[in-house]
>>> print(open('entry_30.cif').read())   # mmCIF, C-alpha atoms
data_structure
loop_
_atom_site.label_atom_id
_atom_site.label_comp_id
_atom_site.auth_asym_id
_atom_site.auth_seq_id
_atom_site.Cartn_x
_atom_site.Cartn_y
_atom_site.Cartn_z
CA MET A 1 -95.79 118.21 76.99
CA PRO A 2 -93.57 115.54 78.56
CA LEU A 3 -95.25 112.22 79.33
CA LEU A 4 -96.31 112.05 82.95
CA ALA A 5 -95.68 109.00 85.09
CA ARG A 6 -98.71 106.77 85.46
CA THR A 7 -97.63 105.34 88.83
CA VAL A 8 -98.50 108.25 91.09
CA LEU A 9 -99.49 108.27 94.75
CA THR A 10 -102.29 110.56 95.86
CA PRO A 11 -101.38 113.26 98.41
CA LEU A 12 -100.86 111.99 101.94
CA THR A 13 -102.93 114.83 103.36
CA ILE A 14 -105.62 117.07 101.92
CA ASN A 15 -106.69 119.79 104.34
CA VAL A 16 -109.26 122.35 103.14
CA ARG A 17 -110.84 124.55 105.80
CA ARG A 18 -110.53 127.81 107.68
CA GLY A 19 -107.44 127.84 109.88
CA ALA A 20 -105.82 125.02 107.90
CA VAL A 21 -102.42 126.75 107.91
CA ALA A 22 -102.25 126.22 111.66
CA ASP A 23 -102.01 122.49 110.95
CA LEU A 24 -99.08 122.86 108.57
CA ALA A 25 -96.37 122.45 111.20
CA ALA A 26 -97.99 119.20 112.32
CA ILE A 27 -98.24 118.02 108.71
CA LEU A 28 -94.55 118.71 108.16
CA ALA A 29 -93.74 116.83 111.36
CA ASP A 30 -95.17 113.69 109.74
CA GLN A 31 -92.03 111.59 109.31
CA ARG A 32 -93.21 110.47 105.89
CA ILE A 33 -92.61 114.09 104.89
CA SER A 34 -89.81 115.36 107.10
CA ALA A 35 -87.88 113.46 109.74
CA GLY A 36 -85.90 116.43 111.00
CA GLY A 37 -87.78 119.55 109.97
CA ASP A 38 -85.28 120.43 107.26
CA VAL A 39 -87.64 122.04 104.77
CA ALA A 40 -87.42 124.75 102.15
CA VAL A 41 -90.35 127.17 102.20
CA VAL A 42 -91.04 128.88 98.87
CA VAL A 43 -93.23 131.98 98.94
CA GLY A 44 -94.50 134.45 96.39
CA PRO A 45 -94.87 138.21 96.58
CA GLY A 46 -98.36 138.05 98.12
CA GLN A 47 -99.73 136.28 101.18
CA GLY A 48 -97.09 133.56 101.08
CA GLN A 49 -94.66 135.67 103.12
CA GLN A 50 -97.35 136.34 105.74
CA ILE A 51 -97.98 132.61 106.11
CA ALA A 52 -94.25 131.88 106.29
CA ASP A 53 -93.92 134.43 109.10
CA LEU A 54 -96.72 132.72 111.00
CA LEU A 55 -94.97 129.38 110.63
CA ARG A 56 -91.46 130.60 111.42
CA PRO A 57 -91.57 129.89 115.20
CA SER A 58 -92.40 126.23 114.56
CA LEU A 59 -90.09 125.89 111.55
CA ASP A 60 -86.91 127.36 112.98
CA SER A 61 -84.71 125.12 110.84
CA ALA A 62 -86.48 125.98 107.59
CA ASP A 63 -85.03 128.15 104.85
CA ILE A 64 -87.37 130.62 103.15
CA PHE A 65 -87.00 131.49 99.46
CA THR A 66 -88.99 134.18 97.64
CA VAL A 67 -89.82 133.67 93.97
CA ALA A 68 -91.78 135.71 91.45
CA GLY A 69 -92.86 135.58 87.85
CA GLY A 70 -93.71 131.93 87.30
CA THR A 71 -90.93 131.43 84.73
CA LEU A 72 -88.82 128.42 83.88
CA ASP A 73 -85.71 130.45 84.67
CA ALA A 74 -87.03 131.23 88.17
CA ALA A 75 -87.79 127.54 88.74
CA LEU A 76 -84.31 126.49 87.60
CA GLU A 77 -82.71 129.16 89.80
CA LEU A 78 -84.72 127.89 92.77
CA ALA A 79 -83.73 124.30 91.99
CA GLU A 80 -80.05 125.24 92.14
CA LYS A 81 -80.59 126.85 95.56
CA LEU A 82 -82.22 123.64 96.79
CA ARG A 83 -79.02 121.75 95.99
CA ALA A 84 -77.16 123.65 98.70
CA ARG A 85 -78.75 121.62 101.49
CA SER A 86 -80.31 118.20 101.95
CA TYR A 87 -83.96 119.15 102.34
CA ASP A 88 -86.65 116.70 103.44
CA ALA A 89 -89.38 118.62 101.64
CA VAL A 90 -90.25 121.79 99.75
CA VAL A 91 -93.30 123.80 100.83
CA GLY A 92 -94.79 126.04 98.14
CA ILE A 93 -97.04 128.76 99.57
CA GLY A 94 -99.01 131.15 97.39
CA GLY A 95 -100.86 131.31 94.09
CA GLY A 96 -100.49 129.17 91.00
CA LYS A 97 -97.21 130.69 89.77
CA THR A 98 -95.48 130.18 93.11
CA ILE A 99 -96.74 126.62 93.52
CA ASP A 100 -95.79 125.67 89.96
CA THR A 101 -92.30 127.12 90.44
CA ALA A 102 -91.89 125.12 93.66
CA LYS A 103 -93.26 121.93 92.06
CA TYR A 104 -90.82 122.10 89.17
CA ALA A 105 -87.79 122.87 91.36
CA ALA A 106 -88.65 120.11 93.84
CA THR A 107 -89.18 117.58 91.06
CA ARG A 108 -85.83 118.41 89.46
CA TYR A 109 -84.01 116.99 92.48
CA GLY A 110 -86.58 114.48 93.67
CA ILE A 111 -87.64 116.37 96.80
CA PRO A 112 -91.20 115.82 98.16
CA MET A 113 -93.38 118.91 97.84
CA VAL A 114 -96.24 120.29 99.95
CA SER A 115 -98.70 122.65 98.25
CA VAL A 116 -100.25 125.48 100.31
CA ALA A 117 -102.66 127.41 98.09
CA THR A 118 -103.81 130.96 98.81
CA SER A 119 -105.82 131.20 95.58
CA LEU A 120 -108.22 128.93 93.71
CA SER A 121 -107.57 130.32 90.24
CA ASN A 122 -106.58 127.04 88.56
CA ASP A 123 -106.36 123.27 88.90
CA GLY A 124 -102.59 123.23 89.48
CA ILE A 125 -102.90 122.91 93.26
CA ALA A 126 -102.33 119.16 93.16
CA SER A 127 -101.67 118.51 89.48
CA PRO A 128 -98.71 116.67 87.92
CA THR A 129 -97.93 119.67 85.71
CA ALA A 130 -96.25 123.04 86.16
CA SER A 131 -97.19 125.92 83.84
CA LEU A 132 -94.13 128.13 83.42
CA ASP A 133 -93.26 130.91 81.00
CA HIS A 134 -90.15 130.54 78.84
CA ASP A 135 -89.12 132.94 76.08
CA GLY A 136 -92.57 134.52 76.13
CA ILE A 137 -94.43 131.21 75.76
CA ARG A 138 -96.18 129.34 78.53
CA GLY A 139 -95.29 125.66 78.58
CA SER A 140 -96.56 122.71 80.61
CA TYR A 141 -93.95 120.56 82.30
CA GLY A 142 -94.47 117.17 83.91
CA VAL A 143 -93.76 117.16 87.66
CA HIS A 144 -94.46 115.02 90.72
CA ILE A 145 -97.78 115.76 92.44
CA PRO A 146 -97.59 117.19 95.97
CA ILE A 147 -97.59 114.73 98.84
CA ALA A 148 -99.77 117.08 100.89
CA VAL A 149 -102.19 119.87 99.97
CA VAL A 150 -103.38 122.62 102.29
CA VAL A 151 -106.00 125.24 101.42
CA ASP A 152 -106.79 127.74 104.15
CA LEU A 153 -110.11 129.41 103.35
CA ASP A 154 -109.17 132.41 105.51
CA PHE A 155 -106.28 133.24 103.19
CA VAL A 156 -108.31 132.47 100.08
CA GLU A 157 -110.88 135.00 101.33
CA LYS A 158 -108.17 137.64 101.87
CA GLY A 159 -106.75 137.19 98.38
CA PRO A 160 -108.00 138.71 95.10
CA GLU A 161 -111.63 137.56 94.82
CA ARG A 162 -111.49 137.67 91.03
CA HIS A 163 -108.68 135.11 90.94
CA SER A 164 -110.44 132.51 93.04
CA ARG A 165 -113.77 133.15 91.31
CA ALA A 166 -112.02 132.44 88.00
CA GLY A 167 -111.34 128.95 89.32
CA ILE A 168 -115.05 128.25 88.80
CA ALA A 169 -114.55 128.64 85.05
CA GLU A 170 -111.50 126.38 85.17
CA MET A 171 -113.48 123.78 87.08
CA VAL A 172 -116.58 123.61 84.88
CA SER A 173 -114.45 123.61 81.72
CA ASN A 174 -113.81 119.93 82.53
CA ILE A 175 -117.22 119.26 80.95
CA SER A 176 -115.96 120.52 77.60
CA ALA A 177 -112.57 118.82 77.91
CA LEU A 178 -114.22 115.46 78.60
CA ALA A 179 -116.51 115.87 75.59
CA ASP A 180 -113.40 116.44 73.48
CA TRP A 181 -111.82 113.28 74.91
CA ASP A 182 -114.95 111.30 74.02
CA LEU A 183 -114.76 112.72 70.50
CA ALA A 184 -111.11 111.67 70.16
CA ARG A 185 -112.05 108.16 71.27
CA ASP A 186 -114.94 107.91 68.81
CA VAL A 187 -113.05 109.35 65.81
CA ARG A 188 -109.44 108.31 66.36
CA GLY A 189 -109.73 105.43 68.81
CA GLU A 190 -107.86 107.33 71.51
CA PRO A 191 -107.92 105.37 74.81
CA VAL A 192 -109.93 106.95 77.62
CA ASP A 193 -109.14 106.37 81.29
CA GLY A 194 -112.44 105.76 83.09
CA LEU A 195 -111.17 106.65 86.58
CA ALA A 196 -109.69 109.93 85.34
CA VAL A 197 -112.97 110.74 83.61
CA THR A 198 -114.92 110.02 86.78
CA LEU A 199 -112.71 112.22 88.95
CA ALA A 200 -112.81 115.12 86.49
CA ARG A 201 -116.55 114.86 85.83
CA ILE A 202 -117.71 114.50 89.45
CA SER A 203 -115.77 117.57 90.57
CA ALA A 204 -117.06 119.65 87.64
CA GLU A 205 -120.67 118.57 88.07
CA ALA A 206 -120.54 119.38 91.79
CA VAL A 207 -119.47 122.97 91.13
CA LEU A 208 -121.82 123.29 88.14
CA ASN A 209 -124.86 122.37 90.23
CA HIS A 210 -124.03 124.03 93.57
CA PRO A 211 -126.24 127.08 94.28
CA GLY A 212 -123.65 128.90 96.40
CA ASP A 213 -121.10 131.56 95.54
CA MET A 214 -117.72 132.78 96.79
CA SER A 215 -119.30 134.14 99.98
CA ASP A 216 -120.36 130.61 100.94
CA ASP A 217 -117.70 128.56 102.75
CA GLY A 218 -119.32 125.33 101.62
CA PHE A 219 -119.10 126.35 97.97
CA VAL A 220 -115.51 127.59 98.26
CA ALA A 221 -114.44 124.35 99.96
CA LEU A 222 -116.21 122.38 97.23
CA LEU A 223 -114.38 124.40 94.57
CA ALA A 224 -111.04 123.75 96.28
CA ASP A 225 -111.78 120.03 96.56
CA GLY A 226 -112.78 119.95 92.89
CA LEU A 227 -109.57 121.63 91.73
CA ILE A 228 -107.54 119.17 93.79
CA THR A 229 -109.51 116.24 92.40
CA SER A 230 -108.88 117.50 88.87
CA GLY A 231 -105.18 117.36 89.62
CA LEU A 232 -105.55 113.76 90.74
CA ALA A 233 -107.46 112.96 87.53
CA MET A 234 -104.42 114.11 85.56
CA ALA A 235 -102.11 112.06 87.77
CA VAL A 236 -104.22 108.93 87.26
CA CYS A 237 -104.09 108.98 83.45
CA GLY A 238 -100.68 110.54 83.01
CA SER A 239 -101.80 113.56 80.98
CA THR A 240 -103.88 116.73 81.12
CA ARG A 241 -106.49 115.13 78.84
CA PRO A 242 -109.38 114.97 81.36
CA VAL A 243 -109.24 118.72 82.05
CA SER A 244 -107.79 120.25 78.89
CA GLY A 245 -109.32 120.29 75.41
CA GLY A 246 -110.32 122.92 72.90
CA CYS A 247 -111.09 125.23 75.82
CA HIS A 248 -107.43 125.35 76.82
CA GLU A 249 -106.23 125.49 73.22
CA ILE A 250 -108.20 128.71 72.83
CA SER A 251 -106.71 130.16 76.03
CA HIS A 252 -103.17 129.21 74.99
CA ALA A 253 -103.78 130.79 71.57
CA ILE A 254 -104.87 134.05 73.24
CA ASP A 255 -101.65 134.03 75.28
CA ILE A 256 -99.41 133.26 72.31
CA THR A 257 -100.96 135.49 69.66
CA LEU A 258 -102.22 138.38 71.80
CA GLY A 259 -100.08 138.21 74.93
CA GLY A 260 -103.10 137.23 77.04
CA ARG A 261 -106.15 139.37 77.68
CA ALA A 262 -107.47 138.04 80.99
CA LEU A 263 -106.80 135.42 83.63
CA HIS A 264 -106.04 131.97 82.22
CA ALA A 265 -109.16 130.47 83.80
CA GLU A 266 -111.38 133.26 82.47
CA GLN A 267 -110.11 132.61 78.95
CA VAL A 268 -110.64 128.87 79.44
CA GLY A 269 -114.24 129.48 80.50
CA VAL A 270 -115.02 131.36 77.28
CA GLY A 271 -113.22 128.66 75.32
CA ALA A 272 -115.28 125.93 76.98
CA LEU A 273 -118.54 127.75 76.27
CA PHE A 274 -117.66 128.35 72.62
CA CYS A 275 -116.54 124.74 72.08
CA THR A 276 -119.78 123.50 73.64
CA PHE A 277 -121.70 125.72 71.21
CA LEU A 278 -119.74 124.22 68.30
CA ARG A 279 -120.80 120.75 69.47
CA GLU A 280 -124.42 121.87 69.27
CA ASP A 281 -125.02 120.54 72.78
CA GLY A 282 -127.88 122.80 73.84
CA VAL A 283 -128.30 121.31 77.32
CA ARG A 284 -124.65 121.71 78.30
CA LEU A 285 -124.48 125.12 76.65
CA ALA A 286 -127.34 126.37 78.81
CA GLN A 287 -125.78 124.92 81.97
CA LEU A 288 -122.32 126.38 81.38
CA ASN A 289 -123.69 129.72 80.24
CA GLU A 290 -125.81 130.02 83.36
CA VAL A 291 -123.04 129.18 85.82
CA LEU A 292 -120.61 131.63 84.17
CA ARG A 293 -123.31 134.32 84.09
CA ARG A 294 -124.29 133.73 87.73
CA HIS A 295 -120.70 134.05 88.92
CA ASN A 296 -120.08 137.14 86.78
CA LEU A 297 -117.44 135.43 84.66
CA PRO A 298 -116.60 136.23 81.01
CA ARG A 299 -118.75 134.46 78.41
CA LEU A 300 -118.10 136.39 75.21
CA PRO A 301 -114.89 137.38 73.43
CA ALA A 302 -115.75 141.01 74.14
CA ASP A 303 -115.73 140.21 77.86
CA LEU A 304 -112.06 139.29 77.43
CA GLY A 305 -111.35 142.43 75.43
CA LEU A 306 -111.21 140.56 72.10
CA SER A 307 -112.69 141.88 68.89
CA PRO A 308 -114.55 139.42 66.61
CA ASP A 309 -111.61 139.39 64.17
CA GLU A 310 -109.15 138.67 66.99
CA PHE A 311 -111.27 135.79 68.26
CA VAL A 312 -111.54 134.33 64.76
CA ASP A 313 -107.75 134.39 64.47
CA VAL A 314 -107.43 132.83 67.92
CA VAL A 315 -109.73 129.93 67.06
CA ARG A 316 -107.88 129.34 63.80
CA TYR A 317 -104.54 129.27 65.63
CA ALA A 318 -105.72 127.23 68.65
CA PRO A 319 -105.05 123.70 67.28
CA ARG A 320 -101.40 124.62 66.77
CA THR A 321 -100.95 124.98 70.54
CA ARG A 322 -101.48 121.24 71.11
CA PRO A 323 -100.65 119.42 67.85
CA ASP A 324 -101.16 116.00 69.45
CA ARG A 325 -104.65 116.77 70.76
CA TYR A 326 -107.92 116.10 68.93
CA THR A 327 -110.82 118.33 69.93
CA ILE A 328 -113.93 119.80 68.38
CA LEU A 329 -111.69 122.50 66.85
CA GLU A 330 -109.59 119.97 64.93
CA HIS A 331 -112.68 117.92 64.11
CA LEU A 332 -114.56 120.78 62.44
CA ASP A 333 -111.46 122.49 61.00
CA LEU A 334 -113.45 125.65 60.31
CA SER A 335 -112.29 128.33 57.91
CA ALA A 336 -112.08 131.94 59.06
CA ASP A 337 -115.40 132.77 57.38
CA GLN A 338 -117.08 129.75 58.99
CA ILE A 339 -115.77 130.73 62.44
CA ARG A 340 -117.01 134.28 61.91
CA ARG A 341 -120.52 133.03 61.11
CA ARG A 342 -120.51 130.62 64.05
CA LEU A 343 -119.28 133.39 66.35
CA ALA A 344 -122.19 135.64 65.39
CA ASP A 345 -124.63 132.83 66.15
CA TYR A 346 -122.80 132.11 69.41
CA VAL A 347 -123.10 135.72 70.59
CA ASP A 348 -126.83 135.61 69.85
CA ALA A 349 -127.16 132.32 71.73
CA VAL A 350 -125.36 133.17 74.97
CA GLY A 351 -125.47 136.98 75.16
CA ASP A 352 -128.04 138.66 77.39
#
>>> encode(input="entry_30.cif", output="structure tokens")
Amino acid sequence: MPLLARTVLTPLTINVRRGAVADLAAILADQRISAGGDVAVVVGPGQGQQIADLLRPSLDSADIFTVAGGTLDAALELAEKLRARSYDAVVGIGGGKTIDTAKYAATRYGIPMVSVATSLSNDGIASPTASLDHDGIRGSYGVHIPIAVVVDLDFVEKGPERHSRAGIAEMVSNISALADWDLARDVRGEPVDGLAVTLARISAEAVLNHPGDMSDDGFVALLADGLITSGLAMAVCGSTRPVSGGCHEISHAIDITLGGRALHAEQVGVGALFCTFLREDGVRLAQLNEVLRRHNLPRLPADLGLSPDEFVDVVRYAPRTRPDRYTILEHLDLSADQIRRRLADYVDAVGD
């Protein structure tokens, strides 16, 4: 992944609440974002168009572009369209694929970007990365973080509940990613950014220990805040290290070798739980297992539709997805037979 800039400003505005979209016109009127209202609004195939229609009366000079697919080609095509006019800002409205497409296109020509999330499925809402598919492989590309972030809980509630619930797995996987970072420091002397660690850990611990669920506005707002904070953690240290370890390597391996079997965050959650088991951290294993169980999220390979043999192959392949990263998977360097034995013990340990 390209090196991310370490000098990064935090978003000017973070607005997470019901009815937050109503404030978007006022946010865009902030002259630090747009002096004349010349903005490009990028929407996806879902609720993004509905939000754009609501905003149209107050954004009469805006151009609206529809994107789909979350591919590098779509982002490059959008970037070329943005060249046709001198825009003050780009507003990405929708789920992760739409926002990542808008982030990449805006970054390509140095245009400030505002993120309006309708789903809480991943930590890309305010991150300095865009996950885009290219030639059948999902890559991570360094981008500028948004200068404003808006999450309207009304639209999150209207969207696919499974997608936003999956964000819980993405959020608590920080615990595993940070343990991998500590391991890399202890074994290889890799530098660790204390502020990035703090941001990633606090947001994960808050979600891990909150008793609410997706029907609780307080919990949903906390989840949104945590995903945004995770993005800032990445911006602070200039890499995805505080939120991505063996857990994400396993998810990327599922995508590459099997074409994906579930939502990215669901795969990451299983990866985080398995990596925690490999570390023999019984306390964290119990905590992560309980929160995934309570929120009805996948915990076993079978929950993702993977056979034991497929999961063994995935774990063997996983380190190849991030050759520069040192995690518990690289540290143990297990053979296929060793993974198979550990997997049987893991199923016994976390299965109900």
>>> closest_residue(input="entry_30.cif", among="A:Val270, A:Ile250, A:Ala22, A:Leu300", to="A:Asp352", atoms="all atoms listed in the file")
A:Leu300
>>> residues_around(input="entry_30.cif", residues="stretch 322-327 of chain A", least_positions_apart="2", cutoff="8 Å", atoms="all atoms listed in the file", output="ChimeraX atom specification")
/A:180-181,183-184,245-246,249,318-320,329-331
>>> write_last_selection(input="entry_30.cif", atoms="C-alpha atoms", output="PDB file, in the frame of the given file")
ATOM      1  CA  ASP A 180    -113.400 116.440  73.480  1.00  0.00           C
ATOM      2  CA  TRP A 181    -111.820 113.280  74.910  1.00  0.00           C
ATOM      3  CA  LEU A 183    -114.760 112.720  70.500  1.00  0.00           C
ATOM      4  CA  ALA A 184    -111.110 111.670  70.160  1.00  0.00           C
ATOM      5  CA  GLY A 245    -109.320 120.290  75.410  1.00  0.00           C
ATOM      6  CA  GLY A 246    -110.320 122.920  72.900  1.00  0.00           C
ATOM      7  CA  GLU A 249    -106.230 125.490  73.220  1.00  0.00           C
ATOM      8  CA  ALA A 318    -105.720 127.230  68.650  1.00  0.00           C
ATOM      9  CA  PRO A 319    -105.050 123.700  67.280  1.00  0.00           C
ATOM     10  CA  ARG A 320    -101.400 124.620  66.770  1.00  0.00           C
ATOM     11  CA  LEU A 329    -111.690 122.500  66.850  1.00  0.00           C
ATOM     12  CA  GLU A 330    -109.590 119.970  64.930  1.00  0.00           C
ATOM     13  CA  HIS A 331    -112.680 117.920  64.110  1.00  0.00           C
TER      14      HIS A 331
END
>>> closest_atom_pairs(input="entry_30.cif", of="stretch 156-207 of chain A", to="stretch 95-100 of chain A", cutoff="12 Å", atoms="all atoms listed in the file", output="JSON lines")
{"residue": "A:Val156", "atom": "CA", "partner": "A:Gly95", "partner_atom": "CA", "distance": 9.6}
{"residue": "A:Gly159", "atom": "CA", "partner": "A:Gly95", "partner_atom": "CA", "distance": 9.4}
{"residue": "A:Pro160", "atom": "CA", "partner": "A:Gly95", "partner_atom": "CA", "distance": 10.3}
{"residue": "A:His163", "atom": "CA", "partner": "A:Gly95", "partner_atom": "CA", "distance": 9.2}
{"residue": "A:Ser164", "atom": "CA", "partner": "A:Gly95", "partner_atom": "CA", "distance": 9.7}
{"residue": "A:Gly167", "atom": "CA", "partner": "A:Gly96", "partner_atom": "CA", "distance": 11.0}
>>> residues_near_point(input="entry_30.cif", point="(-112.4, 134.0, 82.5)", cutoff="6 Å", atoms="only C-alpha atoms", output="short mmCIF file (atom, residue, chain, number, x, y, z; two decimals) with C-alpha atoms, keeping the file's coordinate frame")
data_model
loop_
_atom_site.label_atom_id
_atom_site.label_comp_id
_atom_site.auth_asym_id
_atom_site.auth_seq_id
_atom_site.Cartn_x
_atom_site.Cartn_y
_atom_site.Cartn_z
CA ALA A 166 -112.02 132.44 88.00
CA LEU A 263 -106.80 135.42 83.63
CA ALA A 265 -109.16 130.47 83.80
CA GLU A 266 -111.38 133.26 82.47
CA GLN A 267 -110.11 132.61 78.95
CA GLY A 269 -114.24 129.48 80.50
CA LEU A 297 -117.44 135.43 84.66
CA PRO A 298 -116.60 136.23 81.01
#
>>> closest_residue(input="entry_30.cif", among="A:Val283, A:Leu258, A:Ala272, A:Leu232", to="A:Asp313", atoms="all atoms listed in the file")
A:Leu258
>>> closest_residue(input="entry_30.cif", among="A:Leu153, A:Val172, A:Thr118, A:Arg162", to="A:Gly218", atoms="only C-alpha atoms")
A:Leu153
>>> resolve_selection(input="entry_30.cif", expression="the PyMOL selection byres ((chain A and resi 41-47) around 6)", output="PyMOL selection string")
chain A and resi 40+48-50+64-68+90-94+98
>>> resolve_selection(input="entry_30.cif", expression="the PyMOL selection byres ((chain A and resi 128) around 7)", output="list in words")
Ala126, Ser127, Thr129, Gly142, Val143, His144, Ile145, Gly231, Met234 and Ala235 of chain A
>>> resolve_selection(input="entry_30.cif", expression="the PyMOL selection byres ((chain A and resi 200) around 12)", output="ChimeraX atom specification")
/A:123,170-179,181,193-199,201-207,225-237,240-244
>>> closest_residue(input="entry_30.cif", among="A:Leu78, A:Ile137, A:Ile125, A:Val39", to="A:Ile256", atoms="only C-alpha atoms")
A:Ile137
>>> closest_residue(input="entry_30.cif", among="A:Val187, A:Gly136, A:Pro308, A:Asp182", to="A:Gly260", atoms="only C-alpha atoms")
A:Gly136
